[in-house]
file run_32.pdb (PDB, C-alpha atoms, pLDDT in the B column)
ATOM      1  CA  MET P   1    -208.188 164.288 117.243  1.00 53.00           C
ATOM      2  CA  ASN P   2    -205.873 161.261 117.488  1.00 66.00           C
ATOM      3  CA  ILE P   3    -205.716 159.912 113.926  1.00 75.00           C
ATOM      4  CA  LYS P   4    -203.439 157.027 114.889  1.00 73.00           C
ATOM      5  CA  LYS P   5    -206.051 155.262 117.007  1.00 74.00           C
ATOM      6  CA  HIS P   6    -208.395 155.013 114.012  1.00 76.00           C
ATOM      7  CA  ILE P   7    -205.850 153.556 111.559  1.00 82.00           C
ATOM      8  CA  PRO P   8    -206.005 149.914 112.822  1.00 84.00           C
ATOM      9  CA  ASN P   9    -209.830 149.977 112.816  1.00 84.00           C
ATOM     10  CA  LEU P  10    -209.840 151.380 109.275  1.00 89.00           C
ATOM     11  CA  ILE P  11    -207.566 148.544 108.156  1.00 90.00           C
ATOM     12  CA  THR P  12    -209.937 146.060 109.838  1.00 91.00           C
ATOM     13  CA  LEU P  13    -212.866 147.540 107.912  1.00 93.00           C
ATOM     14  CA  ILE P  14    -210.918 147.135 104.668  1.00 93.00           C
ATOM     15  CA  ASN P  15    -210.572 143.447 105.590  1.00 94.00           C
ATOM     16  CA  LEU P  16    -214.362 143.322 105.997  1.00 95.00           C
ATOM     17  CA  PHE P  17    -214.833 145.032 102.627  1.00 97.00           C
ATOM     18  CA  CYS P  18    -212.588 142.443 100.949  1.00 96.00           C
ATOM     19  CA  GLY P  19    -214.656 139.681 102.525  1.00 96.00           C
ATOM     20  CA  CYS P  20    -217.887 141.223 101.231  1.00 97.00           C
ATOM     21  CA  VAL P  21    -216.467 141.471  97.701  1.00 97.00           C
ATOM     22  CA  ALA P  22    -215.314 137.840  97.925  1.00 97.00           C
ATOM     23  CA  VAL P  23    -218.864 136.763  98.812  1.00 97.00           C
ATOM     24  CA  VAL P  24    -220.181 138.611  95.732  1.00 97.00           C
ATOM     25  CA  TYR P  25    -217.700 136.785  93.498  1.00 96.00           C
ATOM     26  CA  ILE P  26    -218.656 133.423  95.047  1.00 96.00           C
ATOM     27  CA  SER P  27    -222.299 134.216  94.335  1.00 95.00           C
ATOM     28  CA  LYS P  28    -221.423 134.977  90.709  1.00 93.00           C
ATOM     29  CA  ALA P  29    -219.477 131.721  90.470  1.00 93.00           C
ATOM     30  CA  LEU P  30    -222.530 129.776  91.639  1.00 89.00           C
ATOM     31  CA  GLU P  31    -224.798 131.659  89.242  1.00 86.00           C
ATOM     32  CA  THR P  32    -222.651 131.549  86.101  1.00 85.00           C
ATOM     33  CA  GLY P  33    -220.390 128.565  86.725  1.00 79.00           C
ATOM     34  CA  ASP P  34    -217.400 130.719  85.728  1.00 80.00           C
ATOM     35  CA  SER P  35    -214.419 129.575  87.812  1.00 82.00           C
ATOM     36  CA  VAL P  36    -212.706 132.950  87.275  1.00 89.00           C
ATOM     37  CA  ASN P  37    -215.052 134.281  89.948  1.00 93.00           C
ATOM     38  CA  TYR P  38    -213.718 131.695  92.418  1.00 95.00           C
ATOM     39  CA  GLU P  39    -210.234 132.915  91.625  1.00 94.00           C
ATOM     40  CA  MET P  40    -211.212 136.533  92.266  1.00 96.00           C
ATOM     41  CA  ALA P  41    -212.885 135.488  95.526  1.00 96.00           C
ATOM     42  CA  PHE P  42    -209.679 133.715  96.566  1.00 96.00           C
ATOM     43  CA  TYR P  43    -207.578 136.809  95.865  1.00 96.00           C
ATOM     44  CA  MET P  44    -210.004 139.044  97.783  1.00 97.00           C
ATOM     45  CA  VAL P  45    -209.852 136.725 100.794  1.00 97.00           C
ATOM     46  CA  CYS P  46    -206.037 136.762 100.576  1.00 95.00           C
ATOM     47  CA  LEU P  47    -206.144 140.554 100.530  1.00 95.00           C
ATOM     48  CA  GLY P  48    -208.509 140.569 103.505  1.00 95.00           C
ATOM     49  CA  ILE P  49    -206.186 138.267 105.457  1.00 93.00           C
ATOM     50  CA  PHE P  50    -203.277 140.579 104.579  1.00 92.00           C
ATOM     51  CA  PHE P  51    -205.126 143.524 106.126  1.00 90.00           C
ATOM     52  CA  ASP P  52    -206.179 141.325 109.045  1.00 88.00           C
ATOM     53  CA  PHE P  53    -202.506 140.847 109.885  1.00 84.00           C
ATOM     54  CA  PHE P  54    -201.652 144.526 109.662  1.00 81.00           C
ATOM     55  CA  ASP P  55    -204.497 145.892 111.782  1.00 76.00           C
ATOM     56  CA  GLY P  56    -202.995 144.199 114.822  1.00 75.00           C
ATOM     57  CA  PHE P  57    -199.489 145.188 113.753  1.00 73.00           C
ATOM     58  CA  PHE P  58    -200.375 148.870 113.617  1.00 72.00           C
ATOM     59  CA  ALA P  59    -202.409 148.676 116.817  1.00 71.00           C
ATOM     60  CA  ARG P  60    -199.298 147.438 118.628  1.00 72.00           C
ATOM     61  CA  LEU P  61    -197.009 149.860 116.784  1.00 69.00           C
ATOM     62  CA  PHE P  62    -199.102 152.887 117.692  1.00 66.00           C
ATOM     63  CA  LYS P  63    -200.020 151.446 121.105  1.00 71.00           C
ATOM     64  CA  VAL P  64    -203.714 151.978 120.438  1.00 66.00           C
ATOM     65  CA  SER P  65    -205.081 148.464 121.048  1.00 73.00           C
ATOM     66  CA  SER P  66    -208.649 148.634 122.303  1.00 75.00           C
ATOM     67  CA  PRO P  67    -211.652 146.396 123.083  1.00 78.00           C
ATOM     68  CA  LEU P  68    -213.418 148.003 120.093  1.00 80.00           C
ATOM     69  CA  GLY P  69    -210.602 146.925 117.784  1.00 78.00           C
ATOM     70  CA  LEU P  70    -210.770 143.383 119.141  1.00 82.00           C
ATOM     71  CA  GLN P  71    -214.484 143.130 118.425  1.00 85.00           C
ATOM     72  CA  LEU P  72    -214.168 144.733 114.983  1.00 88.00           C
ATOM     73  CA  ASP P  73    -211.430 142.272 114.091  1.00 88.00           C
ATOM     74  CA  SER P  74    -213.605 139.255 114.919  1.00 89.00           C
ATOM     75  CA  LEU P  75    -216.622 140.687 113.096  1.00 93.00           C
ATOM     76  CA  ALA P  76    -214.558 141.339 109.969  1.00 93.00           C
ATOM     77  CA  ASP P  77    -213.001 137.878 110.137  1.00 94.00           C
ATOM     78  CA  MET P  78    -216.474 136.399 110.456  1.00 95.00           C
ATOM     79  CA  VAL P  79    -217.179 137.500 106.876  1.00 96.00           C
ATOM     80  CA  THR P  80    -213.758 137.020 105.271  1.00 96.00           C
ATOM     81  CA  SER P  81    -212.866 133.779 107.056  1.00 95.00           C
ATOM     82  CA  GLY P  82    -216.312 132.545 108.088  1.00 96.00           C
ATOM     83  CA  VAL P  83    -219.079 133.377 105.615  1.00 97.00           C
ATOM     84  CA  ALA P  84    -216.871 133.213 102.502  1.00 97.00           C
ATOM     85  CA  PRO P  85    -215.513 129.665 103.057  1.00 97.00           C
ATOM     86  CA  GLY P  86    -218.931 128.434 104.174  1.00 97.00           C
ATOM     87  CA  TYR P  87    -220.460 129.827 100.982  1.00 97.00           C
ATOM     88  CA  VAL P  88    -217.767 128.137  98.880  1.00 97.00           C
ATOM     89  CA  MET P  89    -218.571 124.790 100.518  1.00 96.00           C
ATOM     90  CA  TYR P  90    -222.249 125.459  99.762  1.00 95.00           C
ATOM     91  CA  THR P  91    -221.425 125.966  96.071  1.00 94.00           C
ATOM     92  CA  LEU P  92    -219.234 122.850  95.954  1.00 93.00           C
ATOM     93  CA  PHE P  93    -222.100 120.782  97.385  1.00 92.00           C
ATOM     94  CA  ALA P  94    -224.550 122.386  94.963  1.00 90.00           C
ATOM     95  CA  ASN P  95    -222.347 121.675  91.941  1.00 86.00           C
ATOM     96  CA  SER P  96    -221.310 118.150  92.925  1.00 82.00           C
ATOM     97  CA  ALA P  97    -222.780 114.796  92.036  1.00 58.00           C
ATOM     98  CA  HIS P  98    -225.806 113.779  94.079  1.00 53.00           C
ATOM     99  CA  GLU P  99    -224.548 110.789  96.027  1.00 52.00           C
ATOM    100  CA  LEU P 100    -226.520 111.996  99.051  1.00 56.00           C
ATOM    101  CA  GLY P 101    -229.680 112.430  97.018  1.00 58.00           C
ATOM    102  CA  THR P 102    -231.334 115.411  95.364  1.00 65.00           C
ATOM    103  CA  ASN P 103    -232.512 117.044  98.577  1.00 76.00           C
ATOM    104  CA  PRO P 104    -232.070 120.819  98.014  1.00 80.00           C
ATOM    105  CA  ALA P 105    -231.161 121.208 101.692  1.00 85.00           C
ATOM    106  CA  ILE P 106    -227.917 119.218 101.293  1.00 88.00           C
ATOM    107  CA  PRO P 107    -225.760 122.166 100.058  1.00 91.00           C
ATOM    108  CA  PHE P 108    -226.590 124.149 103.204  1.00 94.00           C
ATOM    109  CA  LEU P 109    -224.422 121.690 105.132  1.00 94.00           C
ATOM    110  CA  GLY P 110    -221.498 123.710 103.776  1.00 95.00           C
ATOM    111  CA  PHE P 111    -222.324 126.477 106.237  1.00 97.00           C
ATOM    112  CA  ILE P 112    -221.240 124.212 109.088  1.00 97.00           C
ATOM    113  CA  VAL P 113    -217.830 125.746 108.267  1.00 97.00           C
ATOM    114  CA  THR P 114    -219.295 129.176 109.029  1.00 97.00           C
ATOM    115  CA  LEU P 115    -220.727 127.962 112.335  1.00 97.00           C
ATOM    116  CA  GLY P 116    -217.393 126.450 113.344  1.00 97.00           C
ATOM    117  CA  SER P 117    -215.595 129.672 112.393  1.00 96.00           C
ATOM    118  CA  CYS P 118    -218.036 131.765 114.422  1.00 96.00           C
ATOM    119  CA  TYR P 119    -217.532 129.616 117.513  1.00 95.00           C
ATOM    120  CA  ARG P 120    -213.755 129.791 117.179  1.00 94.00           C
ATOM    121  CA  LEU P 121    -213.692 133.577 116.740  1.00 93.00           C
ATOM    122  CA  ALA P 122    -215.895 134.107 119.793  1.00 91.00           C
ATOM    123  CA  ASN P 123    -213.838 131.672 121.872  1.00 90.00           C
ATOM    124  CA  PHE P 124    -210.556 133.221 120.715  1.00 85.00           C
ATOM    125  CA  ASN P 125    -211.531 136.571 122.244  1.00 82.00           C
ATOM    126  CA  ILE P 126    -211.876 135.072 125.711  1.00 84.00           C
ATOM    127  CA  ASP P 127    -209.112 132.447 125.538  1.00 78.00           C
ATOM    128  CA  THR P 128    -206.015 133.828 127.270  1.00 75.00           C
ATOM    129  CA  ARG P 129    -203.831 130.884 126.186  1.00 76.00           C
ATOM    130  CA  GLN P 130    -203.457 131.942 122.549  1.00 69.00           C
ATOM    131  CA  THR P 131    -200.981 134.799 122.832  1.00 66.00           C
ATOM    132  CA  ASP P 132    -197.830 133.127 121.473  1.00 68.00           C
ATOM    133  CA  SER P 133    -199.388 130.190 119.633  1.00 76.00           C
ATOM    134  CA  PHE P 134    -202.784 128.923 118.488  1.00 87.00           C
ATOM    135  CA  ILE P 135    -205.109 126.264 119.815  1.00 90.00           C
ATOM    136  CA  GLY P 136    -207.051 124.954 116.872  1.00 91.00           C
ATOM    137  CA  LEU P 137    -206.623 126.077 113.271  1.00 95.00           C
ATOM    138  CA  PRO P 138    -206.885 129.880 112.799  1.00 93.00           C
ATOM    139  CA  THR P 139    -209.856 130.916 110.661  1.00 95.00           C
ATOM    140  CA  PRO P 140    -207.711 132.614 107.960  1.00 94.00           C
ATOM    141  CA  ALA P 141    -205.801 129.365 107.349  1.00 95.00           C
ATOM    142  CA  ASN P 142    -209.039 127.399 107.187  1.00 96.00           C
ATOM    143  CA  SER P 143    -210.507 129.972 104.804  1.00 97.00           C
ATOM    144  CA  LEU P 144    -207.539 129.652 102.433  1.00 96.00           C
ATOM    145  CA  PHE P 145    -207.906 125.870 102.528  1.00 96.00           C
ATOM    146  CA  ILE P 146    -211.594 125.989 101.554  1.00 97.00           C
ATOM    147  CA  LEU P 147    -211.232 128.807  98.998  1.00 96.00           C
ATOM    148  CA  SER P 148    -208.466 126.878  97.234  1.00 95.00           C
ATOM    149  CA  LEU P 149    -210.627 123.798  96.565  1.00 95.00           C
ATOM    150  CA  PRO P 150    -212.512 125.190  93.526  1.00 94.00           C
ATOM    151  CA  LEU P 151    -209.166 126.321  92.095  1.00 93.00           C
ATOM    152  CA  VAL P 152    -207.723 122.836  92.573  1.00 92.00           C
ATOM    153  CA  LEU P 153    -210.713 121.550  90.610  1.00 88.00           C
ATOM    154  CA  LYS P 154    -210.087 124.150  87.905  1.00 87.00           C
ATOM    155  CA  TYR P 155    -206.367 123.612  87.390  1.00 86.00           C
ATOM    156  CA  SER P 156    -205.926 119.916  88.178  1.00 82.00           C
ATOM    157  CA  ASP P 157    -205.558 117.399  85.362  1.00 80.00           C
ATOM    158  CA  SER P 158    -206.165 114.439  87.679  1.00 82.00           C
ATOM    159  CA  LEU P 159    -209.505 112.815  86.974  1.00 84.00           C
ATOM    160  CA  MET P 160    -209.312 110.941  90.276  1.00 85.00           C
ATOM    161  CA  LEU P 161    -208.835 114.186  92.215  1.00 86.00           C
ATOM    162  CA  LEU P 162    -211.697 115.805  90.337  1.00 84.00           C
ATOM    163  CA  GLU P 163    -213.919 112.853  91.165  1.00 85.00           C
ATOM    164  CA  ILE P 164    -212.924 112.953  94.835  1.00 88.00           C
ATOM    165  CA  LEU P 165    -213.654 116.679  95.225  1.00 88.00           C
ATOM    166  CA  SER P 166    -216.975 116.241  93.430  1.00 86.00           C
ATOM    167  CA  ASN P 167    -218.152 113.545  95.820  1.00 88.00           C
ATOM    168  CA  GLN P 168    -220.636 114.848  98.377  1.00 89.00           C
ATOM    169  CA  TYR P 169    -219.491 112.380 101.024  1.00 90.00           C
ATOM    170  CA  VAL P 170    -215.950 113.741 100.671  1.00 92.00           C
ATOM    171  CA  LEU P 171    -217.246 117.306 100.828  1.00 94.00           C
ATOM    172  CA  LEU P 172    -219.204 116.457 103.966  1.00 94.00           C
ATOM    173  CA  GLY P 173    -216.059 114.963 105.498  1.00 96.00           C
ATOM    174  CA  ILE P 174    -214.055 118.100 104.651  1.00 96.00           C
ATOM    175  CA  THR P 175    -216.800 120.280 106.122  1.00 97.00           C
ATOM    176  CA  LEU P 176    -216.977 118.375 109.414  1.00 97.00           C
ATOM    177  CA  CYS P 177    -213.182 118.119 109.723  1.00 96.00           C
ATOM    178  CA  SER P 178    -212.910 121.846 109.068  1.00 96.00           C
ATOM    179  CA  ALA P 179    -215.375 122.736 111.828  1.00 97.00           C
ATOM    180  CA  TYR P 180    -213.616 120.327 114.194  1.00 96.00           C
ATOM    181  CA  ILE P 181    -210.021 121.408 113.581  1.00 96.00           C
ATOM    182  CA  LEU P 182    -210.992 125.064 114.042  1.00 96.00           C
ATOM    183  CA  ASN P 183    -211.993 124.324 117.624  1.00 95.00           C
ATOM    184  CA  ALA P 184    -209.844 121.305 118.491  1.00 93.00           C
ATOM    185  CA  GLU P 185    -207.611 121.475 121.565  1.00 91.00           C
ATOM    186  CA  ILE P 186    -204.513 121.095 119.393  1.00 91.00           C
ATOM    187  CA  PRO P 187    -201.674 123.608 119.950  1.00 91.00           C
ATOM    188  CA  LEU P 188    -200.374 124.987 116.639  1.00 92.00           C
ATOM    189  CA  PHE P 189    -197.188 127.018 116.352  1.00 87.00           C
ATOM    190  CA  ALA P 190    -197.380 130.672 115.308  1.00 81.00           C
ATOM    191  CA  LEU P 191    -195.348 132.160 112.469  1.00 75.00           C
ATOM    192  CA  LYS P 192    -194.372 135.235 114.465  1.00 65.00           C
ATOM    193  CA  ILE P 193    -190.614 135.732 114.735  1.00 57.00           C
ATOM    194  CA  LYS P 194    -189.672 137.301 118.064  1.00 56.00           C
ATOM    195  CA  LYS P 195    -185.956 136.473 118.244  1.00 58.00           C
ATOM    196  CA  PHE P 196    -183.853 136.768 115.115  1.00 56.00           C
ATOM    197  CA  THR P 197    -181.867 133.555 115.534  1.00 63.00           C
ATOM    198  CA  PHE P 198    -182.091 130.361 113.491  1.00 61.00           C
ATOM    199  CA  LYS P 199    -182.296 128.181 116.609  1.00 66.00           C
ATOM    200  CA  ASP P 200    -185.367 129.987 117.942  1.00 65.00           C
ATOM    201  CA  ASN P 201    -187.152 129.944 114.580  1.00 73.00           C
ATOM    202  CA  VAL P 202    -186.067 126.657 112.994  1.00 83.00           C
ATOM    203  CA  LEU P 203    -189.646 125.309 112.925  1.00 85.00           C
ATOM    204  CA  GLN P 204    -191.019 128.432 111.235  1.00 85.00           C
ATOM    205  CA  ILE P 205    -188.135 128.582 108.739  1.00 87.00           C
ATOM    206  CA  VAL P 206    -188.502 124.916 107.759  1.00 88.00           C
ATOM    207  CA  PHE P 207    -192.255 125.344 107.349  1.00 91.00           C
ATOM    208  CA  LEU P 208    -191.931 128.487 105.222  1.00 91.00           C
ATOM    209  CA  ALA P 209    -189.186 126.980 103.054  1.00 92.00           C
ATOM    210  CA  ILE P 210    -191.170 123.805 102.339  1.00 94.00           C
ATOM    211  CA  SER P 211    -194.312 125.871 101.726  1.00 94.00           C
ATOM    212  CA  LEU P 212    -192.481 128.006  99.171  1.00 94.00           C
ATOM    213  CA  VAL P 213    -191.251 124.918  97.308  1.00 95.00           C
ATOM    214  CA  LEU P 214    -194.774 123.454  97.313  1.00 94.00           C
ATOM    215  CA  LEU P 215    -196.234 126.696  95.950  1.00 93.00           C
ATOM    216  CA  LEU P 216    -193.685 126.766  93.132  1.00 93.00           C
ATOM    217  CA  LEU P 217    -194.399 123.143  92.227  1.00 90.00           C
ATOM    218  CA  LEU P 218    -198.154 122.845  92.788  1.00 88.00           C
ATOM    219  CA  GLN P 219    -199.426 126.462  92.703  1.00 89.00           C
ATOM    220  CA  PHE P 220    -203.048 126.517  93.943  1.00 89.00           C
ATOM    221  CA  GLY P 221    -202.875 122.798  94.651  1.00 89.00           C
ATOM    222  CA  ALA P 222    -200.199 123.500  97.252  1.00 92.00           C
ATOM    223  CA  ILE P 223    -202.500 125.470  99.540  1.00 94.00           C
ATOM    224  CA  PRO P 224    -204.531 122.598 101.059  1.00 94.00           C
ATOM    225  CA  VAL P 225    -201.315 120.556 101.274  1.00 94.00           C
ATOM    226  CA  ILE P 226    -199.583 123.388 103.146  1.00 94.00           C
ATOM    227  CA  ILE P 227    -202.451 123.765 105.634  1.00 95.00           C
ATOM    228  CA  ILE P 228    -202.495 120.022 106.327  1.00 94.00           C
ATOM    229  CA  PHE P 229    -198.690 120.035 106.633  1.00 94.00           C
ATOM    230  CA  TYR P 230    -198.930 122.927 109.118  1.00 94.00           C
ATOM    231  CA  VAL P 231    -201.291 120.961 111.361  1.00 94.00           C
ATOM    232  CA  LEU P 232    -199.247 117.743 111.155  1.00 93.00           C
ATOM    233  CA  LEU P 233    -195.957 119.574 111.784  1.00 92.00           C
ATOM    234  CA  SER P 234    -197.488 121.203 114.853  1.00 91.00           C
ATOM    235  CA  ILE P 235    -198.657 117.822 116.180  1.00 91.00           C
ATOM    236  CA  VAL P 236    -195.189 116.305 115.671  1.00 89.00           C
ATOM    237  CA  ASN P 237    -193.614 119.351 117.344  1.00 85.00           C
ATOM    238  CA  ASN P 238    -195.968 118.961 120.322  1.00 84.00           C
ATOM    239  CA  MET P 239    -194.920 115.318 120.699  1.00 82.00           C
ATOM    240  CA  PHE P 240    -191.242 116.291 120.864  1.00 78.00           C
ATOM    241  CA  LEU P 241    -191.951 119.082 123.361  1.00 70.00           C
ATOM    242  CA  LYS P 242    -193.632 116.599 125.714  1.00 68.00           C
ATOM    243  CA  LYS P 243    -190.540 114.354 125.767  1.00 61.00           C
TER
END
call {"tool": "encode", "arguments": {"input": "run_32.pdb", "output": "structure tokens"}}
result
Amino acid sequence: MNIKKHIPNLITLINLFCGCVAVVYISKALETGDSVNYEMAFYMVCLGIFFDFFDGFFARLFKVSSPLGLQLDSLADMVTSGVAPGYVMYTLFANSAHELGTNPAIPFLGFIVTLGSCYRLANFNIDTRQTDSFIGLPTPANSLFILSLPLVLKYSDSLMLLEILSNQYVLLGITLCSAYILNAEIPLFALKIKKFTFKDNVLQIVFLAISLVLLLLLQFGAIPVIIIFYVLLSIVNNMFLKK
């Protein structure tokens, strides 16, 4: 029995498990209003994304990549980076002020994030262009963006920011932008380092350095800023590459 070929799939299933636990914590946050549950959900998603990175790493290391592993990876990501962020948007809508009315169906708009994630994951499996870079925002990055929003609300002292993130029109805008950017035809640079020279990795190094400074200064508040910065930096980089 070849144990090595099962290791990447086991790691993928651990990612799925982390996503399932995150969903449970989000459900508790909605039920009890305790923001600690959002924090636990965020950490579980981070852990799931960590394992999501290493399943592919070990598949390449052991040379055991397979169609089964590819499908398992997308199915696991669908929970960790699809259902979880969609559920968080649902809870943010449910807990926000009722500018769009008291219609109980309004919070379900949050699951547009899940639909956009599903479409991206399915398309990613058949898109041969995304080997060295991404087209559209990867679902793990989008998931971190969404999962960080309740934590920004928890730790921010800015009343204006709290009011903005409690506005249902703003939440709807975030939801629609999230679903769009996941599937937009926008090339985004990858963080993989293939050649160990500064010249070949200057973009990645600058991004990581600025991200580290932002995390030290803003903590959870840095995460949505970093994701937006990543997209904008990629767009600027694309403009220079075309010249």
call {"tool": "closest_residue", "arguments": {"input": "run_32.pdb", "among": "P:Cys18, P:Leu70, P:Ala122, P:Val79", "to": "Cys46 (chain P)", "atoms": "only C-alpha atoms"}}
result
P:Cys18
call {"tool": "resolve_selection", "arguments": {"input": "run_32.pdb", "expression": "the PyMOL selection byres ((chain P and resi 237) around 12)", "output": "list in words"}}
result
Ile186, Pro187, Leu188, Phe189, Val202, Leu203, Gln204, Phe207, Phe229, Tyr230, Val231, Leu232, Leu233, Ser234, Ile235, Val236, Asn238, Met239, Phe240, Leu241, Lys242 and Lys243 of chain P
call {"tool": "write_last_selection", "arguments": {"input": "run_32.pdb", "atoms": "C-alpha atoms", "output": "PDB file, in the coordinates of the input"}}
result
ATOM      1  CA  ILE P 186    -204.513 121.095 119.393  1.00 91.00           C
ATOM      2  CA  PRO P 187    -201.674 123.608 119.950  1.00 91.00           C
ATOM      3  CA  LEU P 188    -200.374 124.987 116.639  1.00 92.00           C
ATOM      4  CA  PHE P 189    -197.188 127.018 116.352  1.00 87.00           C
ATOM      5  CA  VAL P 202    -186.067 126.657 112.994  1.00 83.00           C
ATOM      6  CA  LEU P 203    -189.646 125.309 112.925  1.00 85.00           C
ATOM      7  CA  GLN P 204    -191.019 128.432 111.235  1.00 85.00           C
ATOM      8  CA  PHE P 207    -192.255 125.344 107.349  1.00 91.00           C
ATOM      9  CA  PHE P 229    -198.690 120.035 106.633  1.00 94.00           C
ATOM     10  CA  TYR P 230    -198.930 122.927 109.118  1.00 94.00           C
ATOM     11  CA  VAL P 231    -201.291 120.961 111.361  1.00 94.00           C
ATOM     12  CA  LEU P 232    -199.247 117.743 111.155  1.00 93.00           C
ATOM     13  CA  LEU P 233    -195.957 119.574 111.784  1.00 92.00           C
ATOM     14  CA  SER P 234    -197.488 121.203 114.853  1.00 91.00           C
ATOM     15  CA  ILE P 235    -198.657 117.822 116.180  1.00 91.00           C
ATOM     16  CA  VAL P 236    -195.189 116.305 115.671  1.00 89.00           C
ATOM     17  CA  ASN P 238    -195.968 118.961 120.322  1.00 84.00           C
ATOM     18  CA  MET P 239    -194.920 115.318 120.699  1.00 82.00           C
ATOM     19  CA  PHE P 240    -191.242 116.291 120.864  1.00 78.00           C
ATOM     20  CA  LEU P 241    -191.951 119.082 123.361  1.00 70.00           C
ATOM     21  CA  LYS P 242    -193.632 116.599 125.714  1.00 68.00           C
ATOM     22  CA  LYS P 243    -190.540 114.354 125.767  1.00 61.00           C
TER      23      LYS P 243
END
call {"tool": "closest_residue", "arguments": {"input": "run_32.pdb", "among": "P:Ser133, P:Ser156, P:Thr128, P:Ser166", "to": "Ala190 (chain P)", "atoms": "only C-alpha atoms"}}
result
P:Ser133
call {"tool": "atom_distance", "arguments": {"input": "run_32.pdb", "atom1": "CA of Ala184 (chain P)", "atom2": "CA of Tyr43 (chain P)"}}
result
27.5 Å
call {"tool": "resolve_selection", "arguments": {"input": "run_32.pdb", "expression": "the PyMOL selection byres ((chain P and resi 172-183) around 10)", "output": "MDAnalysis selection string"}}
result
chainID P and resid 85:86 89:90 93 100 106:107 109:121 123:124 135:139 141:143 145:146 165 167:171 184:186 231
call {"tool": "closest_residue", "arguments": {"input": "run_32.pdb", "among": "P:Ile228, P:Leu13, P:Lys28, P:Leu212", "to": "Met78 (chain P)", "atoms": "all atoms listed in the file"}}
result
P:Leu13
call {"tool": "residues_around", "arguments": {"input": "run_32.pdb", "residues": "Asp52 (chain P)", "least_positions_apart": "4", "cutoff": "7 Å", "atoms": "only C-alpha atoms", "output": "ChimeraX atom specification"}}
result
/P:12,15,48
call {"tool": "residues_around", "arguments": {"input": "run_32.pdb", "residues": "Pro140 (chain P)", "least_positions_apart": "3", "cutoff": "7 Å", "atoms": "all atoms listed in the file", "output": "JSON, numbers by chain"}}
result
{"P": [49, 81, 143, 144]}
call {"tool": "closest_residue", "arguments": {"input": "run_32.pdb", "among": "P:Thr91, P:Ile210, P:Val24, P:Gly33", "to": "Pro104 (chain P)", "atoms": "all atoms listed in the file"}}
result
P:Thr91
call {"tool": "closest_residue", "arguments": {"input": "run_32.pdb", "among": "P:Asp55, P:Lys154, P:Ser35, P:Leu30", "to": "Asp77 (chain P)", "atoms": "only C-alpha atoms"}}
result
P:Asp55
call {"tool": "closest_residue", "arguments": {"input": "run_32.pdb", "among": "P:Ser148, P:Ser66, P:Thr80, P:Asn95", "to": "Tyr38 (chain P)", "atoms": "all atoms listed in the file"}}
result
P:Ser148
call {"tool": "atom_distance", "arguments": {"input": "run_32.pdb", "atom1": "CA of Leu47 (chain P)", "atom2": "CA of Leu68 (chain P)"}}
result
22.2 Å
call {"tool": "resolve_selection", "arguments": {"input": "run_32.pdb", "expression": "the PyMOL selection byres ((chain P and resi 153) around 10)", "output": "list of chain:residue names"}}
result
P:Ser35, P:Ser148, P:Leu149, P:Pro150, P:Leu151, P:Val152, P:Lys154, P:Tyr155, P:Ser156, P:Asp157, P:Ser158, P:Leu159, P:Leu161, P:Leu162, P:Glu163, P:Ile164, P:Leu165, P:Ser166, P:Phe220, P:Gly221
call {"tool": "atom_distance", "arguments": {"input": "run_32.pdb", "atom1": "CA of Ile14 (chain P)", "atom2": "CA of Leu75 (chain P)"}}
result
12.0 Å
